[in-house]
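Have a look at the structure below, then the notes.
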Amino acid sequence: MTTTGVTLRLLDKADKEILRLPRAVKGAIYDFQHKFKENPQLRGLRLKQLEGHDRLWSARVNDEYRVLLLRLADTDWLIVSVKHRKEAYEKLDRLSYGINRITGGIEYVDLQIVEESVLRRAAAPGPAAEPAPAPAPAPVPLFAAFSDEQLTDLGVAGPLVPVVRTLTTEDQLLGLAEYAPQLTAEVLLALHDGASYDAVLEQITSPVSVPDPVDTDDFRAAAERPATMVTTTDEALREALEGGDFGRWKVFLHPTQSRLVEREYSGPARVGGGPGTGKTIVALHRVKHLVDRLPPGRNKPVLLTTYNKNLAADLRSRLLQLGGEKLLARVEISHVDQLALRVVREAEPGSAKQTLDESQALREWRAMLDELGETGWDVQFLHDEWSQVILGQAVVSRTEYFRARRAGRGKNIARAERAEIWQLAERFTQRLDRLGRQTWEQVAERAARLEMDRERRIQNVERQREEAGGLDNIHLQAGSAGWLRHRFQHIVVDEAQDLRAAHWKLLRAMAPRAANDIFLVGDTHQRIYGNQVTLGSLGVHIRGRSAKLTLSYRTTRQILGSALGVLSGESFDDLDGSSEDLAGYRSVLTGSLPQLHGCDDWESEQESIAALLADWIALPTPPGQIAVCVPTNAMASELAYTLLAHKGIKAVEIGPEGPRGDEGVHIGTMFRFKGLEYQRMVIAGVRDGLVPREAVTRLRNADAVRYRRELQRARSLLFVAATRSRDSLAIFWHSRPSPFLEPLMRLPAS
């Protein structure tokens, strides 16, 4: 008799175990789950209850392997482990499962595996040492200061508390964290790093705790809670089994993330957090949440936007995976400059101006200054003053420019100098007009003006409606037959730290000032374009509606610590005039410390990189999960040639549109790696004079404020590059290493 309506889920921890199995076994598991959902009682599956357990069962995958399942309800099953048949039926009392009374989620632990991992770390050989003259004092347990009750109140799995009591070294703790439930690992690592009981309770436990008392016998209800991270769809299960997407954390929402996604906000809201904390996945789920609440329709009232074209394409792909074409049909996905250009072209349909990027604009500035014989001004300074102050603040007259605030712009300039700059800016604008060209900054400023004017007209209509007692009059939008209304109801912004002031003015005007209007995610520690803004001054008021994600799902604890060292000594803003740090930013993943390689010259550095990549590929690691980033385009091209010529390693360069091909090691400048992630990563050419550039160093005495800003930007760029990797990071340089590497050079060798 065939059983219908069977639900088969895969527990989060189980898919990590499956990834280590041979490919043939993964295929057998995929076949097994189809057969099981069709009829669990098939004789070939050999489904049977394990001795001494009321909910734990085993089933046959093939001759060698067995699946362990929790029976949640009559037709609802959860895969918790896959084991060789010789291990599946031994020492069954080692298998522990239950419902965490804090989170309400299902937790499964193989105590034997955890204990073996701890013992393996304890027995790991260290460097040879001279015989000690006397026995060393007994080591102090790591968590002696906390009672059993305190640990379980923080969410530590009860069955693991006796093991926790045996821990005396960080290595042993990392051995436990590798196999422990995620909340247990988070809590213990935070306590070990020095966080107080109250801080862990507030920052880690409370955000994931359920408000109502937990029924620790209701496994069906527990399976539906966010704390029980499971895969249920065929497609998600296939990805987990194949292991093609090493960023498997993208599939799940941590309970902390779920609450941010589903929360009602009275106005604009911001979610911050370090690299790999899932800010983008929160943004994508927020989009889905907003769309799910829309009334039926064919329009696109939700905007999803980000800084550049490459990131926008990635957002489209990931949103499609999340909700399919039905979700995509209600969302406008566009990078912010493309959005601004569309607004301008709608208003000026006959315009055919060519749009210049920053490097092209700088060339035009240089050409104009050469023609004028002007040698007293720095080109980059003039361009930034024009872009950030004149265009950024929508300054339209010399008088306004004399009064404009220049916070963060560096050296003070006198009234006579402002007059000179204004005259040069006017000439530059006229020059671009004659050439039929415009910069992206001009496009953004013009689009913001147009949308702000549109918003004022909408507000006038609303005032007239109120004065008329709520009666409607027909107001047609200028230049079209459409109703005058805001373009979007909801706006979601990814990589918010890189948008310019004009972008924010544009977006603010595009949605009504109402609940859930703007939702932005970003991290100012990753600001690589120097666009510093204060959102409140631009009408985007996030005060009181900000949250921070602190758990990295991508980067190991060792790589994360090294990357944070790159930022040491710098302070960062929170996009709203206050400071922000990465306190509490952590990872439960563990691995080796970054490799540091100093070379004599660029040629020998390239040879060393080629040798390391050959070793990685032989492990094997798919070439597409390996990347090399360098400071300049010329170095990227030269290294790509060397890799192919010396080792036969094909390199795919990353351009403005993303990787230029599908097969090969990815290579590009540090700027190109924003938003990307890899299994193994090389950062090359990290030498003094390139990171930071010599031009930045020369600002030290000429413009101290600008020097500090550019130095911070260079640190952020290296920080972004270092946090693209999950498992392995290698940093190379030739000649003298970058001063940013000093904290890493002091770390012990891995």
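Each chain of the structure tokens is named A, B, ... in the order shown, its residues numbered from 1; ligands are numbered from 1 in display order.
Once Leu151 in chain A and its same-chain neighbours fewer than 4 positions away are set aside, Phe143, Phe146, Ser147, Gly155, Val156, Ala157, Gly158, Val161, Val164, Thr184, Val187, Leu188, Leu191 and Tyr197 of chain A remain within 10 Å of it when counting only C-alpha atoms.
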Resulting file, chosen residues, N, CA, C and O atoms, as a compact mmCIF listing (two decimals), in the first residue's frame:
# COMPACT_ATOMS: atom_id res chain seq x y z
N PHE A 143 34.81 27.31 31.24
CA PHE A 143 33.52 27.88 31.63
C PHE A 143 33.21 27.63 33.11
O PHE A 143 32.05 27.50 33.51
N PHE A 146 30.61 29.82 35.04
CA PHE A 146 29.18 29.77 34.72
C PHE A 146 28.58 28.46 35.20
O PHE A 146 29.15 27.38 35.00
N SER A 147 27.40 28.54 35.81
CA SER A 147 26.72 27.35 36.30
C SER A 147 26.04 26.62 35.14
O SER A 147 25.84 27.18 34.06
N GLY A 155 20.96 28.91 26.23
CA GLY A 155 20.62 28.11 25.05
C GLY A 155 21.55 26.97 24.75
O GLY A 155 21.39 26.29 23.74
N VAL A 156 22.57 26.74 25.60
CA VAL A 156 23.47 25.61 25.38
C VAL A 156 22.68 24.31 25.50
O VAL A 156 21.88 24.13 26.43
N ALA A 157 22.88 23.40 24.54
CA ALA A 157 22.16 22.13 24.55
C ALA A 157 22.49 21.35 25.82
O ALA A 157 23.67 21.12 26.13
N GLY A 158 21.46 20.92 26.55
CA GLY A 158 21.65 20.24 27.82
C GLY A 158 22.58 19.04 27.75
O GLY A 158 23.47 18.90 28.61
N VAL A 161 26.36 19.87 28.10
CA VAL A 161 26.93 20.57 29.25
C VAL A 161 28.05 19.76 29.90
O VAL A 161 29.11 20.32 30.23
N VAL A 164 31.07 20.31 27.86
CA VAL A 164 31.53 21.69 28.02
C VAL A 164 32.39 21.82 29.28
O VAL A 164 33.40 22.53 29.30
N THR A 184 24.45 26.76 20.57
CA THR A 184 25.44 26.34 21.57
C THR A 184 26.82 26.88 21.21
O THR A 184 27.54 27.43 22.06
N VAL A 187 27.00 30.79 21.65
CA VAL A 187 27.05 31.20 23.06
C VAL A 187 28.42 30.93 23.66
O VAL A 187 29.03 31.80 24.30
N LEU A 188 28.94 29.72 23.46
CA LEU A 188 30.22 29.36 24.08
C LEU A 188 31.37 30.18 23.52
O LEU A 188 32.26 30.62 24.27
N LEU A 191 31.15 33.72 25.03
CA LEU A 191 31.61 33.73 26.42
C LEU A 191 33.13 33.60 26.49
O LEU A 191 33.79 34.29 27.28
N TYR A 197 27.73 37.31 30.71
CA TYR A 197 26.48 36.55 30.64
C TYR A 197 25.35 37.44 30.13
O TYR A 197 24.59 37.06 29.24
**OP:** Select, from A:Pro139, A:Pro211, A:Gly27, A:Pro181, the residue with the minimum atom-to-atom distance to Asn100 in chain A, counting only C-alpha atoms.
**Re:**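 Going through A:Pro139, A:Pro211, A:Gly27, A:Pro181 one by one, the smallest distance to Asn100 in chain A is for A:Pro181.
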Subject >> All residues 7 Å or closer to Gln497 in chain A, only C-alpha atoms, same chain fewer than 2 positions away omitted, as number ranges by chain >> reply: A: 495, 499, 522-524, 527
**OP:** Give me the residues within 7 Å of Val691 in chain A as JSON, numbers by chain, counting only C-alpha atoms and dropping any in the same chain fewer than 5 places off.
**Re:** {"A": [686, 714, 738]}
Original post:
Within 9 Å of range 641-656 of chain A, counting only C-alpha atoms, which residues qualify if same-chain residues fewer than 6 places away don't, as an MDAnalysis selection string?
Top reply: chainID A and resid 308:310 606:607 609:611 613:614 623:624 627 662:669 672:673
Writing out the chosen residues with C-alpha atoms as a compact mmCIF listing (two decimals), in the first residue's frame:
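Output below, filename part_11.txt:
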# COMPACT_ATOMS: atom_id res chain seq x y z
CA ASN A 308 26.25 48.70 -9.51
CA LYS A 309 25.11 46.58 -12.44
CA ASN A 310 27.01 43.46 -11.43
CA GLN A 606 53.61 35.30 -9.54
CA GLU A 607 55.51 31.99 -9.60
CA ILE A 609 50.99 32.12 -6.54
CA ALA A 610 50.89 29.74 -9.51
CA ALA A 611 52.39 26.94 -7.40
CA LEU A 613 46.90 27.51 -7.03
CA ALA A 614 48.12 24.27 -8.60
CA PRO A 623 38.74 26.46 -10.23
CA GLY A 624 35.57 28.57 -10.14
CA ALA A 627 40.02 33.61 -6.84
CA ASP A 662 32.50 30.12 -16.70
CA GLU A 663 35.63 27.99 -16.31
CA GLY A 664 38.86 28.96 -14.63
CA VAL A 665 40.27 30.71 -11.58
CA HIS A 666 38.68 34.16 -11.16
CA ILE A 667 41.07 37.09 -11.19
CA GLY A 668 40.53 40.84 -10.95
CA THR A 669 41.13 44.01 -8.98
CA ARG A 672 35.65 43.74 -8.63
CA PHE A 673 35.19 41.33 -5.72
Which of range 96-320 of chain A counts as strand (DSSP E) under DSSP, as a PDB file with C-alpha atoms, in the first residue's frame please?
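What landed in selection_3.pdb:
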ATOM      1  CA  SER A  96      20.828  12.697  21.652  1.00  0.00           C
ATOM      2  CA  TYR A  97      17.956  14.740  20.297  1.00  0.00           C
ATOM      3  CA  GLY A  98      15.383  17.089  21.741  1.00  0.00           C
ATOM      4  CA  ILE A  99      13.758  20.501  21.551  1.00  0.00           C
ATOM      5  CA  ILE A 106      15.049  20.662  17.192  1.00  0.00           C
ATOM      6  CA  GLU A 107      18.643  19.794  18.133  1.00  0.00           C
ATOM      7  CA  TYR A 108      20.457  16.546  17.332  1.00  0.00           C
ATOM      8  CA  VAL A 109      23.877  15.648  18.729  1.00  0.00           C
ATOM      9  CA  ASP A 110      26.103  12.603  18.313  1.00  0.00           C
ATOM     10  CA  VAL A 230      15.710  22.420   7.436  1.00  0.00           C
ATOM     11  CA  THR A 231      15.654  21.788   3.701  1.00  0.00           C
ATOM     12  CA  ALA A 269      14.901  50.924   8.702  1.00  0.00           C
ATOM     13  CA  ARG A 270      18.500  49.792   8.476  1.00  0.00           C
ATOM     14  CA  VAL A 271      20.224  46.441   9.037  1.00  0.00           C
ATOM     15  CA  GLY A 272      24.006  46.519   9.428  1.00  0.00           C
ATOM     16  CA  GLY A 273      26.582  43.795   9.990  1.00  0.00           C
ATOM     17  CA  VAL A 302       8.591  47.160  -4.820  1.00  0.00           C
ATOM     18  CA  LEU A 303      12.041  48.424  -5.856  1.00  0.00           C
ATOM     19  CA  LEU A 304      15.192  46.405  -5.130  1.00  0.00           C
ATOM     20  CA  THR A 305      18.300  48.434  -5.855  1.00  0.00           C
ATOM     21  CA  THR A 306      22.032  48.469  -5.205  1.00  0.00           C
TER      22      THR A 306
END
Original post:
Out of range 244-479 of chain A, which residues get helix (DSSP H, G or I) from DSSP, as JSON, numbers by chain?
Top reply: {"A": [248, 249, 250, 251, 255, 256, 257, 258, 259, 260, 261, 262, 279, 280, 281, 282, 283, 284, 285, 286, 287, 288, 289, 290, 291, 292, 309, 310, 311, 312, 313, 314, 315, 316, 317, 318, 319, 320, 321, 322, 323, 324, 325, 326, 327, 328, 336, 337, 338, 339, 340, 341, 342, 343, 344, 345, 346, 347, 358, 359, 360, 361, 362, 363, 364, 365, 366, 367, 368, 369, 370, 371, 372, 379, 380, 381, 382, 383, 384, 385, 386, 387, 388, 389, 390, 391, 398, 399, 400, 401, 402, 403, 415, 416, 417, 418, 419, 420, 421, 422, 423, 424, 425, 426, 427, 428, 429, 430, 431, 432, 433, 434, 435, 440, 441, 442, 443, 444, 445, 446, 447, 448, 449, 450, 451, 452, 453, 454, 455, 456, 457, 458, 459, 460, 461, 462, 463, 464, 465, 466, 467]}
Subject >> Given only C-alpha atoms as the counted atoms, nearest of A:Thr550, A:Thr256, A:Gln393, A:Thr555 to Ser537 in chain A >> reply: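 Nearest candidate to Ser537 in chain A out of A:Thr550, A:Thr256, A:Gln393, A:Thr555: A:Gln393.
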Original post:
In terms of the shortest atom-to-atom distance over only C-alpha atoms, which of A:Arg121, A:His503, A:Arg220, A:Arg508 is closest to Gln338 in chain A?
Top reply: A:His503
Original post:
Leaving out range 54-68 of chain A and any residue of its chain fewer than 3 positions from it, which residues lie within 8 Å of it when counting only C-alpha atoms, given as JSON, numbers by chain?
Top reply: {"A": [25, 28, 29, 32, 44, 45, 46, 47, 48, 49, 50, 71, 72, 79, 80, 81, 82, 83, 84, 85, 88]}
Next, the residues of the selection above should be written as a PDB file, in the first residue's frame with C-alpha atoms.
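Printed below is out-v8.pdb as written:
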ATOM      1  CA  VAL A  25      26.484   7.959  -1.910  1.00  0.00           C
ATOM      2  CA  ALA A  28      21.928   7.252  -3.555  1.00  0.00           C
ATOM      3  CA  ILE A  29      20.586   9.611  -0.871  1.00  0.00           C
ATOM      4  CA  PHE A  32      16.346   7.375  -1.339  1.00  0.00           C
ATOM      5  CA  GLY A  44      14.122  -2.169   0.267  1.00  0.00           C
ATOM      6  CA  LEU A  45      14.264   0.841   2.597  1.00  0.00           C
ATOM      7  CA  ARG A  46      14.257  -1.351   5.720  1.00  0.00           C
ATOM      8  CA  LEU A  47      12.749   1.351   7.906  1.00  0.00           C
ATOM      9  CA  LYS A  48      13.040   0.407  11.576  1.00  0.00           C
ATOM     10  CA  GLN A  49      13.017   2.044  14.991  1.00  0.00           C
ATOM     11  CA  LEU A  50      16.347   2.140  16.825  1.00  0.00           C
ATOM     12  CA  ARG A  71       9.751  10.742  13.301  1.00  0.00           C
ATOM     13  CA  LEU A  72       8.101  14.108  13.934  1.00  0.00           C
ATOM     14  CA  ILE A  79      16.879  13.284   8.299  1.00  0.00           C
ATOM     15  CA  VAL A  80      19.366  14.024  11.089  1.00  0.00           C
ATOM     16  CA  SER A  81      22.394  11.966   9.990  1.00  0.00           C
ATOM     17  CA  VAL A  82      23.819   9.602   7.386  1.00  0.00           C
ATOM     18  CA  LYS A  83      26.212   6.941   8.666  1.00  0.00           C
ATOM     19  CA  HIS A  84      28.042   3.862   7.503  1.00  0.00           C
ATOM     20  CA  ARG A  85      26.018   0.808   8.473  1.00  0.00           C
ATOM     21  CA  ALA A  88      24.585   3.278  12.629  1.00  0.00           C
TER      22      ALA A  88
END
Subject >> Who sits within 12 Å of Asp378 in chain A, only C-alpha atoms, same chain under 2 positions skipped, as a VMD selection string >> reply: chain A and resid 362 365 to 366 369 374 to 376 380 to 385 421 695 699 702 to 703
Just-selected residues, N, CA and C atoms written as a PDB file, in the first residue's frame:
ATOM      1  N   LEU A 362      37.765  62.235 -14.820  1.00  0.00           N
ATOM      2  CA  LEU A 362      39.056  62.791 -14.393  1.00  0.00           C
ATOM      3  C   LEU A 362      39.918  63.176 -15.589  1.00  0.00           C
ATOM      4  N   TRP A 365      38.718  66.495 -16.726  1.00  0.00           N
ATOM      5  CA  TRP A 365      39.205  67.546 -15.832  1.00  0.00           C
ATOM      6  C   TRP A 365      40.656  67.900 -16.172  1.00  0.00           C
ATOM      7  N   ARG A 366      41.487  66.879 -16.348  1.00  0.00           N
ATOM      8  CA  ARG A 366      42.904  67.127 -16.662  1.00  0.00           C
ATOM      9  C   ARG A 366      43.043  67.876 -17.985  1.00  0.00           C
ATOM     10  N   LEU A 369      42.083  71.543 -17.458  1.00  0.00           N
ATOM     11  CA  LEU A 369      43.092  72.298 -16.710  1.00  0.00           C
ATOM     12  C   LEU A 369      44.341  72.534 -17.551  1.00  0.00           C
ATOM     13  N   GLU A 374      46.186  75.701 -15.967  1.00  0.00           N
ATOM     14  CA  GLU A 374      45.932  75.739 -14.523  1.00  0.00           C
ATOM     15  C   GLU A 374      46.715  74.615 -13.853  1.00  0.00           C
ATOM     16  N   THR A 375      47.646  74.946 -12.957  1.00  0.00           N
ATOM     17  CA  THR A 375      48.484  73.920 -12.319  1.00  0.00           C
ATOM     18  C   THR A 375      48.363  73.901 -10.798  1.00  0.00           C
ATOM     19  N   GLY A 376      47.544  74.784 -10.234  1.00  0.00           N
ATOM     20  CA  GLY A 376      47.498  74.911  -8.780  1.00  0.00           C
ATOM     21  C   GLY A 376      46.500  74.004  -8.083  1.00  0.00           C
ATOM     22  N   GLN A 380      41.815  65.262  -8.606  1.00  0.00           N
ATOM     23  CA  GLN A 380      40.889  64.454  -7.811  1.00  0.00           C
ATOM     24  C   GLN A 380      40.140  65.326  -6.806  1.00  0.00           C
ATOM     25  N   PHE A 381      40.838  66.305  -6.214  1.00  0.00           N
ATOM     26  CA  PHE A 381      40.190  67.199  -5.252  1.00  0.00           C
ATOM     27  C   PHE A 381      39.076  67.991  -5.928  1.00  0.00           C
ATOM     28  N   LEU A 382      39.370  68.554  -7.111  1.00  0.00           N
ATOM     29  CA  LEU A 382      38.348  69.331  -7.822  1.00  0.00           C
ATOM     30  C   LEU A 382      37.141  68.470  -8.181  1.00  0.00           C
ATOM     31  N   HIS A 383      37.401  67.274  -8.675  1.00  0.00           N
ATOM     32  CA  HIS A 383      36.298  66.387  -9.069  1.00  0.00           C
ATOM     33  C   HIS A 383      35.436  66.031  -7.857  1.00  0.00           C
ATOM     34  N   ASP A 384      36.087  65.728  -6.727  1.00  0.00           N
ATOM     35  CA  ASP A 384      35.327  65.374  -5.526  1.00  0.00           C
ATOM     36  C   ASP A 384      34.542  66.568  -4.994  1.00  0.00           C
ATOM     37  N   GLU A 385      35.147  67.755  -5.042  1.00  0.00           N
ATOM     38  CA  GLU A 385      34.453  68.957  -4.568  1.00  0.00           C
ATOM     39  C   GLU A 385      33.210  69.219  -5.419  1.00  0.00           C
ATOM     40  N   ILE A 421      37.107  77.785  -7.514  1.00  0.00           N
ATOM     41  CA  ILE A 421      36.582  76.434  -7.748  1.00  0.00           C
ATOM     42  C   ILE A 421      35.235  76.509  -8.462  1.00  0.00           C
ATOM     43  N   ALA A 695      49.893  57.620  -4.085  1.00  0.00           N
ATOM     44  CA  ALA A 695      49.179  58.896  -4.143  1.00  0.00           C
ATOM     45  C   ALA A 695      48.482  59.201  -2.820  1.00  0.00           C
ATOM     46  N   LEU A 699      49.397  62.391   0.457  1.00  0.00           N
ATOM     47  CA  LEU A 699      48.430  63.331   1.032  1.00  0.00           C
ATOM     48  C   LEU A 699      48.683  63.584   2.518  1.00  0.00           C
ATOM     49  N   ALA A 702      49.927  67.100   2.819  1.00  0.00           N
ATOM     50  CA  ALA A 702      49.211  68.082   2.008  1.00  0.00           C
ATOM     51  C   ALA A 702      47.771  68.278   2.481  1.00  0.00           C
ATOM     52  N   ASP A 703      47.093  67.202   2.898  1.00  0.00           N
ATOM     53  CA  ASP A 703      45.680  67.280   3.283  1.00  0.00           C
ATOM     54  C   ASP A 703      45.405  66.150   4.272  1.00  0.00           C
TER      55      ASP A 703
END
Subject >> Residue nearest Ala222 in chain A - candidates A:Leu567, A:Leu78, A:Ala636, A:Leu582, atoms counted: only C-alpha atoms >> reply: A:Leu78
